[in-house]
Amino acid sequence: MKKLLSVFLTMALTLMLIPAAVCADSDDPTPCASITSPGNGHTYVLYDESLAWTDAEEFCESTGGYLATITSAEEQECVESLINEGEKRTYWIGLKGDSEGSWLWVSGEEFDYENWGEGEPNNDGGNEACVEIVKVPFDALEFGTWNDMENEGDSSGTTSLAYKGFICEYDKDFTETTSDWSTSEIEEAYESGLIPEFLVDEDLTERISRAEFASVSLKLYEALTGETVTASASLPFTDVAGLDNYSDIQKVYALDIAVGTSATTFDPNAEINREQLATMLCRTIKKYSFADWTLATDGDYYLDTSGVKLFEDDDQISDYARQSVYYMAKMGIINGVDDTHFAPQNTTDEQEATGYATATREQAIALSLRIYKLADLWK
């Protein structure tokens with residue numbers, strides 16, 4: 001799904017309010033409040049316009065979204081924060097029953113989270129196939145619980161259509177900041193928590209720096225292990241103090257995933273090339289796979305590169321990187337720049353200027369995703 005509204009991603013829920021007079025019932029639905037979840041980066045927009053469920057879903061789709069889906073306790077909390085700002089008693093969400101009695105999210109997501117109110121769903125009257133979330137408690141239904149309802153609500157009373165609003169959900173859109181080849185992988189990486197927060201709204205086609213890659217590799221390692229790394233090793237580098245991601249560099253240095261360019265420098269703004277990208281990601285795989293792996297014992301850990309055809313520019317691949325390059329190629333994690341060349345490093349001024357062998361942010365993130373999806377192979 002494409003997101004057409006602005007996303008404001010923060011470490012906490014970001015709530016944007018719009019004056020009530022602006023979002024009152026009108027011919028054209030106007031958003032009354034919006035909230036962005038730090039968990040999935042999606043934006044949820046509340047409307048106090050009274051539309052039938054089908055009309056509300058059609059409206060959300062026409063603006064690039066869909067009626068909000070609530071597939072986790074975190075999303076439930078997010079939506080509850082939002083409906084607190086509305087004027088209606090209940091709000092349509094994107095859950096609908098089918099003819100076989102199953103409940104389906106309009107987004108196609110699995111229906112494995114529910115928050116029904118007491119005695120719900122009850123299909124009262126035999127035609128309640130749409131779902132709303134409750135703001136103002138009624139009968140036995142408490143705040144935030146779900147209730148099944150007819151498409152246009154009851155004919156009268158406080159459960160009639162006049163008392164209902166709706167919530168649209170918009171996914172994070174990367175089409176403007178990625179290349180066509182990477183967009184779908186970047187979106188999946190984002191949903192998997194593999195993109196550092198400070199890169200989310202940046203141009204991902206740009207070259208990646210050593211400091212940025214430190215954060216990308218840390219995200220991958222933590223996603224693979226399911227653990228949050230704590231900073232334990234002091235840094236010997238004199239050129240990283242004050243960096244926003246200082247602690248990320250500290251952590252990957254302790255993990256032996258990244259090293260300095262000298263005994264006292266990290267060179268955080270330097271760009272990395274394709275062979276360095278393959279090598280550091282390979283270190284991440286080894287650290288995840290082998291508890292005892294360290295950079296000092298790296299030679300004790302063999303990577304099977306048998307059967308891989310040599311690239312025509314094999315002589316340009318540094319000795320330290322060769323095994324990593326061919327292992328990553330064998331596993332389908334990294335490809336050559338064409339059918340016969342890998343482009344491990346820039347060897348001419350022209351190549352340096354054009355970034356022929358320079359790694360980009362989207363390349364680093366896409367490769368991280370491919371590794372993440374193969375995680376079971378290394379355990």
# chains A, B, ... in the order shown; residues from 1 in each chain; ligands from 1

call {"tool": "select_by_dssp", "arguments": {"residues": "region 22-209 of chain A", "states": "helix (DSSP H, G or I)", "output": "PyMOL selection string"}}
result
chain A and resi 53-62+73-83+124-126+161-163+183-191+197-199

call {"tool": "select_by_dssp", "arguments": {"residues": "region 186-297 of chain A", "states": "strand (DSSP E or B)", "output": "VMD selection string"}}
result
chain A and resid 207 209 271 273

call {"tool": "residues_around", "arguments": {"residues": "region 249-256 of chain A", "least_positions_apart": "5", "cutoff": "8 Å", "atoms": "only C-alpha atoms", "output": "list in words"}}
result
Ala211, Ala214, Ser215, Ser217, Leu218, Val229, Thr230, Ala231, Ser232, Ala233, Ser234, Leu235, Arg283, Lys287, Thr294 and Leu295 of chain A

call {"tool": "write_last_selection", "arguments": {"atoms": "all heavy atoms", "output": "JSON list (two decimals), in the first residue's frame"}}
result
[["chain", "number", "residue", "atom", "x", "y", "z"],
["A", 211, "ALA", "N", 30.10, 4.72, 9.56],
["A", 211, "ALA", "CA", 29.29, 4.89, 10.77],
["A", 211, "ALA", "C", 27.86, 4.39, 10.55],
["A", 211, "ALA", "O", 27.29, 3.73, 11.42],
["A", 211, "ALA", "CB", 29.27, 6.37, 11.18],
["A", 214, "ALA", "N", 27.74, 0.64, 10.52],
["A", 214, "ALA", "CA", 27.83, 0.08, 11.87],
["A", 214, "ALA", "C", 26.43, -0.13, 12.45],
["A", 214, "ALA", "O", 26.14, -1.17, 13.05],
["A", 214, "ALA", "CB", 28.65, 1.00, 12.77],
["A", 215, "SER", "N", 25.57, 0.83, 12.25],
["A", 215, "SER", "CA", 24.20, 0.72, 12.76],
["A", 215, "SER", "C", 23.39, -0.31, 12.00],
["A", 215, "SER", "O", 22.58, -1.04, 12.59],
["A", 215, "SER", "CB", 23.50, 2.09, 12.70],
["A", 215, "SER", "OG", 24.13, 3.03, 13.54],
["A", 217, "SER", "N", 24.57, -3.05, 10.50],
["A", 217, "SER", "CA", 25.02, -4.38, 10.89],
["A", 217, "SER", "C", 24.57, -4.73, 12.31],
["A", 217, "SER", "O", 24.26, -5.90, 12.60],
["A", 217, "SER", "CB", 26.55, -4.49, 10.78],
["A", 217, "SER", "OG", 27.19, -3.53, 11.61],
["A", 218, "LEU", "N", 24.49, -3.74, 13.17],
["A", 218, "LEU", "CA", 24.00, -3.98, 14.52],
["A", 218, "LEU", "C", 22.52, -4.38, 14.50],
["A", 218, "LEU", "O", 22.10, -5.31, 15.19],
["A", 218, "LEU", "CB", 24.20, -2.75, 15.41],
["A", 218, "LEU", "CG", 23.68, -2.89, 16.84],
["A", 218, "LEU", "CD1", 24.45, -3.97, 17.60],
["A", 218, "LEU", "CD2", 23.78, -1.54, 17.57],
["A", 229, "VAL", "N", 22.01, -5.80, 22.16],
["A", 229, "VAL", "CA", 23.41, -5.78, 22.55],
["A", 229, "VAL", "C", 23.65, -4.60, 23.50],
["A", 229, "VAL", "O", 23.16, -3.50, 23.28],
["A", 229, "VAL", "CB", 24.33, -5.65, 21.32],
["A", 229, "VAL", "CG1", 25.80, -5.58, 21.73],
["A", 229, "VAL", "CG2", 24.09, -6.82, 20.37],
["A", 230, "THR", "N", 24.40, -4.85, 24.55],
["A", 230, "THR", "CA", 24.78, -3.77, 25.46],
["A", 230, "THR", "C", 26.20, -3.33, 25.16],
["A", 230, "THR", "O", 27.06, -4.15, 24.82],
["A", 230, "THR", "CB", 24.68, -4.24, 26.92],
["A", 230, "THR", "OG1", 25.50, -5.40, 27.10],
["A", 230, "THR", "CG2", 23.24, -4.58, 27.28],
["A", 231, "ALA", "N", 26.43, -2.04, 25.29],
["A", 231, "ALA", "CA", 27.76, -1.50, 25.03],
["A", 231, "ALA", "C", 28.68, -1.84, 26.20],
["A", 231, "ALA", "O", 28.37, -1.51, 27.34],
["A", 231, "ALA", "CB", 27.68, 0.01, 24.82],
["A", 232, "SER", "N", 29.78, -2.52, 25.90],
["A", 232, "SER", "CA", 30.67, -2.93, 26.99],
["A", 232, "SER", "C", 32.12, -2.51, 26.76],
["A", 232, "SER", "O", 32.85, -2.27, 27.71],
["A", 232, "SER", "CB", 30.60, -4.45, 27.17],
["A", 232, "SER", "OG", 30.93, -5.11, 25.96],
["A", 233, "ALA", "N", 32.53, -2.45, 25.52],
["A", 233, "ALA", "CA", 33.93, -2.14, 25.22],
["A", 233, "ALA", "C", 34.13, -0.65, 25.01],
["A", 233, "ALA", "O", 33.33, 0.00, 24.34],
["A", 233, "ALA", "CB", 34.38, -2.91, 23.98],
["A", 234, "SER", "N", 35.19, -0.12, 25.57],
["A", 234, "SER", "CA", 35.51, 1.28, 25.32],
["A", 234, "SER", "C", 36.13, 1.38, 23.93],
["A", 234, "SER", "O", 36.71, 0.42, 23.42],
["A", 234, "SER", "CB", 36.50, 1.80, 26.37],
["A", 234, "SER", "OG", 37.68, 1.01, 26.36],
["A", 235, "LEU", "N", 36.01, 2.52, 23.32],
["A", 235, "LEU", "CA", 36.51, 2.71, 21.97],
["A", 235, "LEU", "C", 37.86, 3.43, 21.99],
["A", 235, "LEU", "O", 38.01, 4.45, 22.68],
["A", 235, "LEU", "CB", 35.51, 3.52, 21.14],
["A", 235, "LEU", "CG", 34.23, 2.80, 20.72],
["A", 235, "LEU", "CD1", 33.30, 3.76, 20.00],
["A", 235, "LEU", "CD2", 34.53, 1.60, 19.84],
["A", 283, "ARG", "N", 31.01, -11.28, 8.66],
["A", 283, "ARG", "CA", 31.38, -11.32, 10.08],
["A", 283, "ARG", "C", 30.14, -11.38, 10.96],
["A", 283, "ARG", "O", 30.11, -12.06, 11.99],
["A", 283, "ARG", "CB", 32.21, -10.09, 10.44],
["A", 283, "ARG", "CG", 33.60, -10.06, 9.85],
["A", 283, "ARG", "CD", 34.28, -8.74, 10.19],
["A", 283, "ARG", "NE", 35.52, -8.56, 9.47],
["A", 283, "ARG", "CZ", 36.13, -7.39, 9.30],
["A", 283, "ARG", "NH1", 35.59, -6.28, 9.82],
["A", 283, "ARG", "NH2", 37.26, -7.31, 8.61],
["A", 287, "LYS", "N", 29.40, -14.25, 13.68],
["A", 287, "LYS", "CA", 29.17, -13.94, 15.08],
["A", 287, "LYS", "C", 27.84, -14.51, 15.54],
["A", 287, "LYS", "O", 27.72, -14.97, 16.69],
["A", 287, "LYS", "CB", 29.20, -12.41, 15.30],
["A", 287, "LYS", "CG", 29.21, -11.99, 16.75],
["A", 287, "LYS", "CD", 30.49, -12.45, 17.44],
["A", 287, "LYS", "CE", 30.55, -12.00, 18.89],
["A", 287, "LYS", "NZ", 31.77, -12.46, 19.57],
["A", 294, "THR", "N", 35.71, -14.88, 16.92],
["A", 294, "THR", "CA", 36.27, -13.53, 17.06],
["A", 294, "THR", "C", 37.06, -13.23, 15.80],
["A", 294, "THR", "O", 37.39, -14.13, 15.02],
["A", 294, "THR", "CB", 37.20, -13.40, 18.28],
["A", 294, "THR", "OG1", 38.36, -14.22, 18.06],
["A", 294, "THR", "CG2", 36.50, -13.82, 19.57],
["A", 295, "LEU", "N", 37.41, -11.98, 15.62],
["A", 295, "LEU", "CA", 38.20, -11.62, 14.46],
["A", 295, "LEU", "C", 39.57, -12.30, 14.50],
["A", 295, "LEU", "O", 40.12, -12.70, 13.47],
["A", 295, "LEU", "CB", 38.37, -10.10, 14.39],
["A", 295, "LEU", "CG", 38.75, -9.49, 13.05],
["A", 295, "LEU", "CD1", 37.79, -9.92, 11.95],
["A", 295, "LEU", "CD2", 38.80, -7.97, 13.16]]

call {"tool": "atom_distance", "arguments": {"atom1": "CA of Ser209 (chain A)", "atom2": "CA of Ala270 (chain A)"}}
result
5.4 Å

call {"tool": "closest_residue", "arguments": {"among": "A:Ile35, A:Leu204, A:Ala73, A:Ala140", "to": "Glu169 (chain A)", "atoms": "only C-alpha atoms"}}
result
A:Ile35

call {"tool": "residues_around", "arguments": {"residues": "Thr175 (chain A)", "least_positions_apart": "2", "cutoff": "10 Å", "atoms": "only C-alpha atoms", "output": "PyMOL selection string"}}
result
chain A and resi 2-3+172-173+177-180+182-184+186-187

call {"tool": "closest_residue", "arguments": {"among": "A:Val216, A:Ala56, A:Leu377, A:Leu281", "to": "Glu197 (chain A)", "atoms": "only C-alpha atoms"}}
result
A:Val216

call {"tool": "residues_around", "arguments": {"residues": "region 43-53 of chain A", "least_positions_apart": "5", "cutoff": "6 Å", "atoms": "only C-alpha atoms", "output": "list of chain:residue names"}}
result
A:Asp25, A:Pro29, A:Pro31, A:Cys32, A:Ala33, A:Ser34, A:Ile35, A:Thr36, A:Asn151, A:Glu152, A:Ala162, A:Lys164, A:Gly165, A:Phe166, A:Ile167, A:Cys168, A:Glu169, A:Tyr170

call {"tool": "atom_distance", "arguments": {"atom1": "CA of Leu243 (chain A)", "atom2": "CA of Glu185 (chain A)"}}
result
28.0 Å

call {"tool": "closest_atom_pairs", "arguments": {"of": "region 165-250 of chain A", "to": "region 353-371 of chain A", "cutoff": "6 Å", "atoms": "only C-alpha atoms", "output": "JSON lines"}}
result
{"residue": "A:Glu185", "atom": "CA", "partner": "A:Ala366", "partner_atom": "CA", "distance": 5.8}
{"residue": "A:Ala189", "atom": "CA", "partner": "A:Leu369", "partner_atom": "CA", "distance": 5.6}
{"residue": "A:Leu204", "atom": "CA", "partner": "A:Arg361", "partner_atom": "CA", "distance": 5.0}
{"residue": "A:Thr205", "atom": "CA", "partner": "A:Glu362", "partner_atom": "CA", "distance": 5.8}
{"residue": "A:Glu206", "atom": "CA", "partner": "A:Thr360", "partner_atom": "CA", "distance": 5.5}
{"residue": "A:Arg207", "atom": "CA", "partner": "A:Thr360", "partner_atom": "CA", "distance": 4.0}
{"residue": "A:Ile208", "atom": "CA", "partner": "A:Arg361", "partner_atom": "CA", "distance": 4.8}

call {"tool": "write_last_selection", "arguments": {"atoms": "N, CA, C and O atoms", "output": "PDB file, in the first residue's frame"}}
result
ATOM      1  N   GLU A 185      12.217  -4.874  -1.124  1.00  0.00           N
ATOM      2  CA  GLU A 185      13.085  -5.414  -0.078  1.00  0.00           C
ATOM      3  C   GLU A 185      13.264  -4.407   1.059  1.00  0.00           C
ATOM      4  O   GLU A 185      13.312  -4.797   2.238  1.00  0.00           O
ATOM      5  N   ALA A 189      12.405  -5.016   4.843  1.00  0.00           N
ATOM      6  CA  ALA A 189      13.430  -4.797   5.863  1.00  0.00           C
ATOM      7  C   ALA A 189      12.911  -3.863   6.947  1.00  0.00           C
ATOM      8  O   ALA A 189      13.178  -4.064   8.148  1.00  0.00           O
ATOM      9  N   LEU A 204      17.982   6.520   0.397  1.00  0.00           N
ATOM     10  CA  LEU A 204      18.708   5.262   0.569  1.00  0.00           C
ATOM     11  C   LEU A 204      19.530   4.874  -0.655  1.00  0.00           C
ATOM     12  O   LEU A 204      20.271   3.892  -0.611  1.00  0.00           O
ATOM     13  N   THR A 205      19.410   5.638  -1.729  1.00  0.00           N
ATOM     14  CA  THR A 205      20.257   5.372  -2.900  1.00  0.00           C
ATOM     15  C   THR A 205      21.648   5.977  -2.724  1.00  0.00           C
ATOM     16  O   THR A 205      22.552   5.688  -3.513  1.00  0.00           O
ATOM     17  N   GLU A 206      21.826   6.797  -1.709  1.00  0.00           N
ATOM     18  CA  GLU A 206      23.124   7.432  -1.467  1.00  0.00           C
ATOM     19  C   GLU A 206      24.134   6.425  -0.915  1.00  0.00           C
ATOM     20  O   GLU A 206      23.774   5.377  -0.372  1.00  0.00           O
ATOM     21  N   ARG A 207      25.407   6.747  -1.042  1.00  0.00           N
ATOM     22  CA  ARG A 207      26.461   5.894  -0.546  1.00  0.00           C
ATOM     23  C   ARG A 207      26.400   5.796   0.981  1.00  0.00           C
ATOM     24  O   ARG A 207      26.054   6.750   1.656  1.00  0.00           O
ATOM     25  N   ILE A 208      26.760   4.633   1.488  1.00  0.00           N
ATOM     26  CA  ILE A 208      26.693   4.415   2.931  1.00  0.00           C
ATOM     27  C   ILE A 208      28.065   4.654   3.561  1.00  0.00           C
ATOM     28  O   ILE A 208      29.104   4.272   3.011  1.00  0.00           O
TER      29      ILE A 208
END

call {"tool": "atom_distance", "arguments": {"atom1": "CA of Phe342 (chain A)", "atom2": "CA of Glu312 (chain A)"}}
result
7.9 Å
